[in-house]
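Engineer: Below is the file final_28.cif, which contains mmCIF, C-alpha atoms and all ligand atoms.
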```
data_work
loop_
_atom_site.group_PDB
_atom_site.id
_atom_site.type_symbol
_atom_site.label_atom_id
_atom_site.label_comp_id
_atom_site.auth_asym_id
_atom_site.auth_seq_id
_atom_site.Cartn_x
_atom_site.Cartn_y
_atom_site.Cartn_z
ATOM 1 C CA MET A 1 132.335 107.698 77.022
ATOM 2 C CA ALA A 2 130.648 106.078 79.977
ATOM 3 C CA HIS A 3 126.944 106.549 80.343
ATOM 4 C CA LYS A 4 126.516 108.894 83.299
ATOM 5 C CA LYS A 5 123.388 107.317 84.744
ATOM 6 C CA LYS A 6 125.141 103.975 85.144
ATOM 7 C CA GLU A 7 127.478 105.476 87.723
ATOM 8 C CA PHE A 8 124.790 104.825 90.264
ATOM 9 C CA ASN A 9 122.941 101.616 90.437
ATOM 10 C CA VAL A 10 119.724 100.927 92.282
ATOM 11 C CA VAL A 11 121.091 97.838 94.050
ATOM 12 C CA GLN A 12 124.161 99.770 95.227
ATOM 13 C CA LEU A 13 121.951 102.516 96.603
ATOM 14 C CA LEU A 14 119.745 100.028 98.425
ATOM 15 C CA GLU A 15 122.737 98.099 99.780
ATOM 16 C CA LYS A 16 124.327 101.336 100.989
ATOM 17 C CA SER A 17 121.150 102.069 102.858
ATOM 18 C CA HIS A 18 121.190 98.546 104.381
ATOM 19 C CA ASP A 19 124.831 99.061 105.440
ATOM 20 C CA GLU A 20 123.898 102.206 107.291
ATOM 21 C CA THR A 21 120.967 100.435 108.939
ATOM 22 C CA PHE A 22 123.331 97.676 110.024
ATOM 23 C CA GLN A 23 125.646 100.248 111.671
ATOM 24 C CA ARG A 24 122.662 101.837 113.372
ATOM 25 C CA THR A 25 121.626 98.474 114.803
ATOM 26 C CA ASP A 26 125.063 98.413 116.501
ATOM 27 C CA GLN A 27 124.291 101.803 118.030
ATOM 28 C CA PHE A 28 120.876 100.453 119.003
ATOM 29 C CA ARG A 29 122.499 97.428 120.696
ATOM 30 C CA ASP A 30 124.910 99.718 122.613
ATOM 31 C CA LEU A 31 121.953 101.763 123.756
ATOM 32 C CA LEU A 32 120.232 98.666 125.147
ATOM 33 C CA ILE A 33 123.403 97.680 126.992
ATOM 34 C CA ASN A 34 123.826 101.184 128.433
ATOM 35 C CA LEU A 35 120.212 101.352 129.534
ATOM 36 C CA ARG A 36 120.618 98.039 131.253
ATOM 37 C CA TYR A 37 123.916 98.592 133.033
ATOM 38 C CA GLU A 38 124.197 102.322 133.564
ATOM 39 C CA GLY A 39 122.312 103.843 136.438
ATOM 40 C CA LYS A 40 119.856 106.648 136.904
ATOM 41 C CA LEU A 41 122.598 109.255 136.576
ATOM 42 C CA SER A 42 123.164 108.319 132.935
ATOM 43 C CA LEU A 43 119.481 108.150 132.101
ATOM 44 C CA GLY A 44 119.402 111.622 130.513
ATOM 45 C CA LYS A 45 122.341 110.778 128.245
ATOM 46 C CA ASN A 46 120.808 107.418 127.313
ATOM 47 C CA LEU A 47 117.413 108.924 126.580
ATOM 48 C CA LYS A 48 119.133 111.331 124.220
ATOM 49 C CA GLN A 49 120.844 108.446 122.472
ATOM 50 C CA ALA A 50 117.469 106.679 122.238
ATOM 51 C CA GLU A 51 116.061 109.773 120.558
ATOM 52 C CA ASP A 52 118.886 109.688 118.035
ATOM 53 C CA VAL A 53 118.325 105.991 117.269
ATOM 54 C CA LEU A 54 114.572 106.482 116.969
ATOM 55 C CA LYS A 55 115.056 109.453 114.671
ATOM 56 C CA PHE A 56 117.090 107.383 112.234
ATOM 57 C CA PHE A 57 114.600 104.505 112.182
ATOM 58 C CA SER A 58 111.485 106.648 111.978
ATOM 59 C CA GLN A 59 112.887 108.916 109.250
ATOM 60 C CA GLU A 60 115.701 107.522 107.104
ATOM 61 C CA HIS A 61 114.847 103.884 107.517
ATOM 62 C CA ALA A 62 111.146 104.675 107.083
ATOM 63 C CA GLY A 63 112.030 106.323 103.734
ATOM 64 C CA HIS A 64 113.843 103.171 102.649
ATOM 65 C CA MET A 65 110.805 101.034 103.525
ATOM 66 C CA GLN A 66 108.466 103.482 101.826
ATOM 67 C CA PHE A 67 110.475 103.267 98.599
ATOM 68 C CA GLU A 68 110.322 99.476 98.748
ATOM 69 C CA GLU A 69 106.590 99.403 99.464
ATOM 70 C CA GLU A 70 105.452 102.073 97.038
ATOM 71 C CA ILE A 71 107.878 101.620 94.152
ATOM 72 C CA LEU A 72 110.137 98.580 94.325
ATOM 73 C CA PHE A 73 107.746 95.847 95.487
ATOM 74 C CA PRO A 74 104.891 96.729 93.086
ATOM 75 C CA TYR A 75 107.413 97.094 90.250
ATOM 76 C CA LEU A 76 108.962 93.693 90.930
ATOM 77 C CA LYS A 77 105.577 92.025 91.367
ATOM 78 C CA SER A 78 104.628 93.059 87.850
ATOM 79 C CA HIS A 79 108.029 92.435 86.242
ATOM 80 C CA VAL A 80 109.064 89.270 88.108
ATOM 81 C CA PRO A 81 105.817 87.556 89.253
ATOM 82 C CA LYS A 82 107.582 84.617 90.904
ATOM 83 C CA LEU A 83 108.744 87.046 93.618
ATOM 84 C CA GLU A 84 105.239 87.698 94.857
ATOM 85 C CA PRO A 85 105.318 85.323 97.893
ATOM 86 C CA VAL A 86 108.654 86.649 99.191
ATOM 87 C CA ILE A 87 107.491 90.235 98.695
ATOM 88 C CA TYR A 88 104.380 89.487 100.698
ATOM 89 C CA LEU A 89 106.548 88.229 103.542
ATOM 90 C CA LEU A 90 108.944 91.195 103.370
ATOM 91 C CA HIS A 91 106.025 93.594 103.479
ATOM 92 C CA ALA A 92 104.606 91.830 106.552
ATOM 93 C CA GLU A 93 108.017 92.226 108.216
ATOM 94 C CA HIS A 94 107.906 95.982 107.538
ATOM 95 C CA LEU A 95 104.560 96.176 109.346
ATOM 96 C CA ASP A 96 105.895 94.118 112.238
ATOM 97 C CA PHE A 97 108.908 96.435 112.454
ATOM 98 C CA LYS A 98 106.794 99.592 112.425
ATOM 99 C CA ASN A 99 104.474 98.290 115.152
ATOM 100 C CA ASN A 100 107.356 97.264 117.392
ATOM 101 C CA LEU A 101 109.188 100.545 116.788
ATOM 102 C CA LYS A 102 106.066 102.412 117.918
ATOM 103 C CA ASN A 103 105.977 100.258 121.077
ATOM 104 C CA PHE A 104 109.644 100.977 121.672
ATOM 105 C CA GLU A 105 109.068 104.710 121.277
ATOM 106 C CA ASN A 106 106.198 104.597 123.787
ATOM 107 C CA LEU A 107 108.343 102.685 126.275
ATOM 108 C CA ILE A 108 111.124 105.259 125.996
ATOM 109 C CA GLY A 109 108.494 107.927 126.618
ATOM 110 C CA GLU A 110 107.376 106.056 129.738
ATOM 111 C CA LEU A 111 110.921 105.904 130.987
ATOM 112 C CA SER A 112 111.364 109.645 130.801
ATOM 113 C CA LYS A 113 108.531 110.147 133.305
ATOM 114 C CA GLU A 114 109.279 110.147 137.017
ATOM 115 C CA ARG A 115 108.713 106.651 138.366
ATOM 116 C CA GLN A 116 109.375 104.309 141.240
ATOM 117 C CA GLU A 117 112.395 102.067 140.869
ATOM 118 C CA SER A 118 110.249 98.907 140.613
ATOM 119 C CA ASP A 119 108.141 100.364 137.753
ATOM 120 C CA ARG A 120 111.268 101.489 136.021
ATOM 121 C CA ALA A 121 112.698 97.971 136.163
ATOM 122 C CA VAL A 122 109.587 96.582 134.423
ATOM 123 C CA ILE A 123 109.879 99.209 131.677
ATOM 124 C CA PHE A 124 113.599 98.474 131.241
ATOM 125 C CA GLU A 125 112.812 94.806 130.736
ATOM 126 C CA LYS A 126 110.186 95.568 128.080
ATOM 127 C CA ILE A 127 112.606 97.943 126.355
ATOM 128 C CA ARG A 128 115.263 95.262 126.297
ATOM 129 C CA GLU A 129 112.899 92.660 124.806
ATOM 130 C CA THR A 130 111.381 94.975 122.195
ATOM 131 C CA GLY A 131 114.765 96.438 121.254
ATOM 132 C CA ALA A 132 116.394 93.017 120.885
ATOM 133 C CA TYR A 133 113.502 91.886 118.685
ATOM 134 C CA LEU A 134 113.773 95.000 116.476
ATOM 135 C CA ILE A 135 117.496 94.467 115.971
ATOM 136 C CA PHE A 136 117.010 90.808 115.117
ATOM 137 C CA LEU A 137 114.155 91.604 112.747
ATOM 138 C CA LEU A 138 116.070 94.320 110.907
ATOM 139 C CA ARG A 139 119.167 92.241 110.424
ATOM 140 C CA SER A 140 117.370 89.155 109.199
ATOM 141 C CA HIS A 141 114.987 91.196 107.028
ATOM 142 C CA ASN A 142 117.793 93.088 105.299
ATOM 143 C CA GLN A 143 119.796 89.943 104.791
ATOM 144 C CA SER A 144 116.921 88.064 103.191
ATOM 145 C CA GLU A 145 116.050 91.079 101.065
ATOM 146 C CA SER A 146 119.630 91.379 99.826
ATOM 147 C CA GLU A 147 119.770 87.684 99.033
ATOM 148 C CA SER A 148 116.407 87.498 97.315
ATOM 149 C CA VAL A 149 114.892 90.606 95.749
ATOM 150 C CA TYR A 150 118.055 92.681 95.372
ATOM 151 C CA LYS A 151 119.849 89.804 93.657
ATOM 152 C CA VAL A 152 116.933 89.376 91.288
ATOM 153 C CA ILE A 153 116.984 93.078 90.399
ATOM 154 C CA ASP A 154 120.636 92.751 89.466
ATOM 155 C CA ARG A 155 120.162 89.559 87.496
ATOM 156 C CA GLU A 156 116.796 89.894 85.824
ATOM 157 C CA LEU A 157 116.052 93.550 85.173
ATOM 158 C CA HIS A 158 117.347 95.341 82.097
ATOM 159 C CA ASP A 159 119.694 98.307 82.483
ATOM 160 C CA ASP A 160 116.990 100.788 81.565
ATOM 161 C CA GLU A 161 114.658 99.267 84.181
ATOM 162 C CA LYS A 162 117.374 99.549 86.832
ATOM 163 C CA GLU A 163 117.957 103.156 85.849
ATOM 164 C CA GLU A 164 114.257 103.876 86.090
ATOM 165 C CA LEU A 165 114.247 102.542 89.657
ATOM 166 C CA ALA A 166 117.466 104.358 90.548
ATOM 167 C CA GLU A 167 115.933 107.644 89.466
ATOM 168 C CA LYS A 168 112.861 107.049 91.604
ATOM 169 C CA ILE A 169 114.781 106.113 94.734
ATOM 170 C CA GLU A 170 116.334 109.549 95.240
ATOM 171 C CA LYS A 171 113.059 111.081 96.308
ATOM 172 C CA PHE A 172 112.823 108.640 99.241
ATOM 173 C CA LEU A 173 116.401 108.525 100.477
ATOM 174 C CA PRO A 174 118.126 111.516 102.071
HETATM 175 FE FE FE A 201 112.578 96.033 103.456
HETATM 176 FE FE FE A 202 115.545 97.070 102.283
#
```
Is it possible to give me this structure as structure tokens?
Ligand SMILES: [Fe+2]
Ligand SMILES: [Fe+2]
Structural biologist:
Amino acid sequence: MAHKKKEFNVVQLLEKSHDETFQRTDQFRDLLINLRYEGKLSLGKNLKQAEDVLKFFSQEHAGHMQFEEEILFPYLKSHVPKLEPVIYLLHAEHLDFKNNLKNFENLIGELSKERQESDRAVIFEKIRETGAYLIFLLRSHNQSESESVYKVIDRELHDDEKEELAEKIEKFLP
């Protein structure tokens, strides 16, 4: 009889979470396009979409990063010491992402206030730049994580170690 715990695997759970993030970056990109090309009349609709995008990244995606920072990265640093430099870099990218997401959130807040058209145009430009950077950062971060640390988990950890991580992940992911 198959061992029940092996039905879920920590790498599969993490990759599933990356897949969802990837889809959300598409929604994020559409939002940037809409904000750029749709006029004032669609602003309410677009601000609502921005709220939805921000909610995902500040909740679900934040949970994913929290699991990596509090559980996965320290665990890998002690079990696979050669990963330490790449983990340091990945952690720095998380901080960069969080700071830029906060900026993006503030800019969206600015946009919802009543403003002159010229001020609005400046805010739109900053939103476009910050948003494009966030999308780029997320995609390249997740890709390098999948190709480095996630591959190592699969290859170098024992089944019981993977199960231990898989059990811990549930608390952080919805
Ligand atoms: Fe990460
Ligand atoms: Fe990740």
Engineer: Please identify every polymer residue within 12 Å of ligand FE 201 (chain A), using only C-alpha atoms and all ligand atoms, and present the set as an NGL selection string.
Structural biologist: :A and (14-15 or 17-18 or 21 or 61-73 or 86-98 or 137-150)
Engineer: Evaluate the PyMOL selection byres (((chain A and resi 102) around 12) and not hetatm) and record the selected residues as a list in words, following the chain and residue labels used in the document.
Structural biologist: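 Checking the PyMOL selection byres (((chain A and resi 102) around 12) and not hetatm) against this file, the residues are Leu54, Lys55, Phe57, Ser58, Leu95, Asp96, Phe97, Lys98, Asn99, Asn100, Leu101, Asn103, Phe104, Glu105, Asn106, Leu107, Ile108, Gly109, Ile127, Thr130, Gly131 and Leu134 of chain A.
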Engineer: Hey, can you spit out that residue selection with C-alpha atoms as a PDB file, keeping the file's coordinate frame?
Structural biologist:
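File part_38.pdb, as written:
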```pdb
ATOM      1  CA  LEU A  54     114.572 106.482 116.969  1.00  0.00           C
ATOM      2  CA  LYS A  55     115.056 109.453 114.671  1.00  0.00           C
ATOM      3  CA  PHE A  57     114.600 104.505 112.182  1.00  0.00           C
ATOM      4  CA  SER A  58     111.485 106.648 111.978  1.00  0.00           C
ATOM      5  CA  LEU A  95     104.560  96.176 109.346  1.00  0.00           C
ATOM      6  CA  ASP A  96     105.895  94.118 112.238  1.00  0.00           C
ATOM      7  CA  PHE A  97     108.908  96.435 112.454  1.00  0.00           C
ATOM      8  CA  LYS A  98     106.794  99.592 112.425  1.00  0.00           C
ATOM      9  CA  ASN A  99     104.474  98.290 115.152  1.00  0.00           C
ATOM     10  CA  ASN A 100     107.356  97.264 117.392  1.00  0.00           C
ATOM     11  CA  LEU A 101     109.188 100.545 116.788  1.00  0.00           C
ATOM     12  CA  ASN A 103     105.977 100.258 121.077  1.00  0.00           C
ATOM     13  CA  PHE A 104     109.644 100.977 121.672  1.00  0.00           C
ATOM     14  CA  GLU A 105     109.068 104.710 121.277  1.00  0.00           C
ATOM     15  CA  ASN A 106     106.198 104.597 123.787  1.00  0.00           C
ATOM     16  CA  LEU A 107     108.343 102.685 126.275  1.00  0.00           C
ATOM     17  CA  ILE A 108     111.124 105.259 125.996  1.00  0.00           C
ATOM     18  CA  GLY A 109     108.494 107.927 126.618  1.00  0.00           C
ATOM     19  CA  ILE A 127     112.606  97.943 126.355  1.00  0.00           C
ATOM     20  CA  THR A 130     111.381  94.975 122.195  1.00  0.00           C
ATOM     21  CA  GLY A 131     114.765  96.438 121.254  1.00  0.00           C
ATOM     22  CA  LEU A 134     113.773  95.000 116.476  1.00  0.00           C
TER      23      LEU A 134
END
```
Engineer: For the PyMOL selection byres (((chain A and resi 50) around 9) and not hetatm), applied here, can you spell out every residue it catches as a ChimeraX atom specification?
Structural biologist: /A:28,31-32,45-49,51-55,105,108
Engineer: Can I get the selected residues back with C-alpha atoms, as a CSV table (one decimal), in the frame of the given file?
Structural biologist:
```csv
chain,number,residue,atom,x,y,z
A,28,PHE,CA,120.9,100.5,119.0
A,31,LEU,CA,122.0,101.8,123.8
A,32,LEU,CA,120.2,98.7,125.1
A,45,LYS,CA,122.3,110.8,128.2
A,46,ASN,CA,120.8,107.4,127.3
A,47,LEU,CA,117.4,108.9,126.6
A,48,LYS,CA,119.1,111.3,124.2
A,49,GLN,CA,120.8,108.4,122.5
A,51,GLU,CA,116.1,109.8,120.6
A,52,ASP,CA,118.9,109.7,118.0
A,53,VAL,CA,118.3,106.0,117.3
A,54,LEU,CA,114.6,106.5,117.0
A,55,LYS,CA,115.1,109.5,114.7
A,105,GLU,CA,109.1,104.7,121.3
A,108,ILE,CA,111.1,105.3,126.0
```
Engineer: For CA of Ala132 in chain A and CA of Phe22 in chain A, quote the distance in Å rounded to one decimal.
Structural biologist: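 Interatomic distance, CA of Ala132 in chain A to CA of Phe22 in chain A: 13.7 Å.
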Engineer: Please determine, counting all atoms listed in the file, which residue among A:Gly39, A:Asp26, A:Gln116, A:Glu60 has the shortest atom-to-atom distance to ligand FE 202 (chain A).
Structural biologist: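 Smallest separation from ligand FE 202 (chain A) among the options: A:Glu60.
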Engineer: Could you tell me how far atom FE of ligand FE 202 (chain A) sits from CA of Asp159 in chain A, in Å to one decimal place?
Structural biologist: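 The value is 20.3 Å.
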Engineer: Find the residues around Ile153 in chain A up to 9 Å (only C-alpha atoms counted), leave out those fewer than 5 positions away in its own chain, and share them as a list of chain:residue names.
Structural biologist: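 So, after excluding close chain neighbours, the residues are A:Val10, A:Val11, A:Leu76, A:Ser148, A:His158, A:Lys162.
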Engineer: Please provide the set of residues having any atom within 10 Å of His79 in chain A, restricted to all atoms listed in the file, with same-chain residues fewer than 2 positions apart removed, written as a PyMOL selection string.
Structural biologist: chain A and resi 73-77+81-83+153+156-157+161
Engineer: Kindly indicate which residue among A:Leu43, A:Asp160, A:Asn9, A:Lys16 lies nearest to ligand FE 202 (chain A), using all atoms listed in the file for the distances.
Structural biologist: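 Comparing A:Leu43, A:Asp160, A:Asn9, A:Lys16 against ligand FE 202 (chain A), the winner is A:Lys16.
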Engineer: Report, as AutoDock Vina command-line options, the axis-aligned box around all atoms of range 35-39 of chain A present in the file, extended by 3 Å on each side; give centre and edge lengths in Å to one decimal place.
Structural biologist:
```
--center_x 122.2 --center_y 100.9 --center_z 133.0 --size_x 10.0 --size_y 11.8 --size_z 12.9
```
Engineer: Between CA of Ile169 in chain A and CA of Leu13 in chain A, what distance in Å does the model show, to one decimal?
Structural biologist: 8.2 Å
